[in-house]
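K.L.:
Quick one: this structure, given as structure tokens, is what I'll be asking you about.
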Amino acid sequence: DEIINSIKSYKSYQILLINDASLDKTIDHLNKLENNYPDIVKIINNKINIGQSYSLIKGISLSKYDTIVTLDGDGQNNPADIPKLLKEYIEGSYFLVGGLRLKRKDSNIKKLSSKLANRIINIILKDDCVDTGCSLKVFSKKVFIKFPEFNGIHRFLPALYRGFGYRTKFIEVDHRHRAFGKSKYGTIDRLIKGVIDLIRVYLII
């Protein structure tokens, strides 16, 4: 409802909701939404867990439109910020506009580790972004599908767009306490994967 209210002034849009093989009752809720909004909502139900990156790739490949807006399903991203990002994206002729969670509602260890990771990414990849992990982003599908597919791509979109010469911008957005689910990422796991992905993206650029 929050998403629909935030973009109801736009004439053409679709909402793709991806269930990445959740073991709870997520799919039951999503099916109800699809029945309530058959012309707007499309459900993508992964039979096996493929992770955030490949779910993102799958959703984008099935989208009808070139302008893509992404956000997490845990309720921390505020859909009310979508029009602000879209306005900047369209009027500024950018290829990616990302959110900055300057007042994050996360644990101190999560905020500290993210700040360190963003600093390292900025130094090495020069993405000019202090919050590359914010899921609330607007970007071009035509550009996205040119990038090599890999697990971890969702963390490096600012670097990829900037590295390939496309204009990007980042603006402050709201961040709320987690309403649903729990984080699946451990600090050490994220660190190891992040280093490997950092090298991969550097070589791609």
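We label chains A, B, ... in the order they appear in the structure tokens, count residues from 1 in each chain, and number ligands from 1 in the order shown.
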I'd like the neighbourhood of Leu157 (chain A) as a VMD selection string, where a residue qualifies if any of its atoms comes within 9 Å (using only C-alpha atoms), though same-chain residues fewer than 6 positions away should be ignored.
P.N.:
chain A and resid 96 127 132 144
K.L.:
Write to file, as an mmCIF file, in the first residue's frame, the residues of the selection just made, with N, CA and C atoms.
P.N.:
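Contents of again-v4.cif, freshly written:
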data_model
loop_
_atom_site.group_PDB
_atom_site.id
_atom_site.type_symbol
_atom_site.label_atom_id
_atom_site.label_comp_id
_atom_site.auth_asym_id
_atom_site.auth_seq_id
_atom_site.Cartn_x
_atom_site.Cartn_y
_atom_site.Cartn_z
ATOM 1 N N LEU A 96 21.628 6.455 -12.565
ATOM 2 C CA LEU A 96 21.386 5.830 -11.261
ATOM 3 C C LEU A 96 21.307 6.923 -10.205
ATOM 4 N N ASP A 127 33.555 5.226 -6.357
ATOM 5 C CA ASP A 127 32.132 5.295 -6.718
ATOM 6 C C ASP A 127 31.436 6.542 -6.172
ATOM 7 N N THR A 132 26.702 2.533 -0.318
ATOM 8 C CA THR A 132 26.417 1.711 -1.500
ATOM 9 C C THR A 132 25.438 0.586 -1.194
ATOM 10 N N PHE A 144 21.954 -1.668 -16.820
ATOM 11 C CA PHE A 144 22.171 -2.783 -15.897
ATOM 12 C C PHE A 144 22.433 -4.098 -16.631
#
K.L.:
Name the residues of chain A that come out as alpha helix (DSSP H) in a backbone DSSP run; write them as a VMD selection string.
P.N.:
chain A and resid 2 to 7 26 to 36 51 to 62 82 to 91 108 to 125 141 to 144 157 to 163 187 to 204
K.L.:
Can you work out which one of A:Asp128, A:Asp72, A:Glu2, A:Asp28 has the shortest atom-to-atom distance to Arg167 (chain A), counting only C-alpha atoms?
P.N.:
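Of the candidates, the smallest distance to Arg167 (chain A) is held by A:Asp128.
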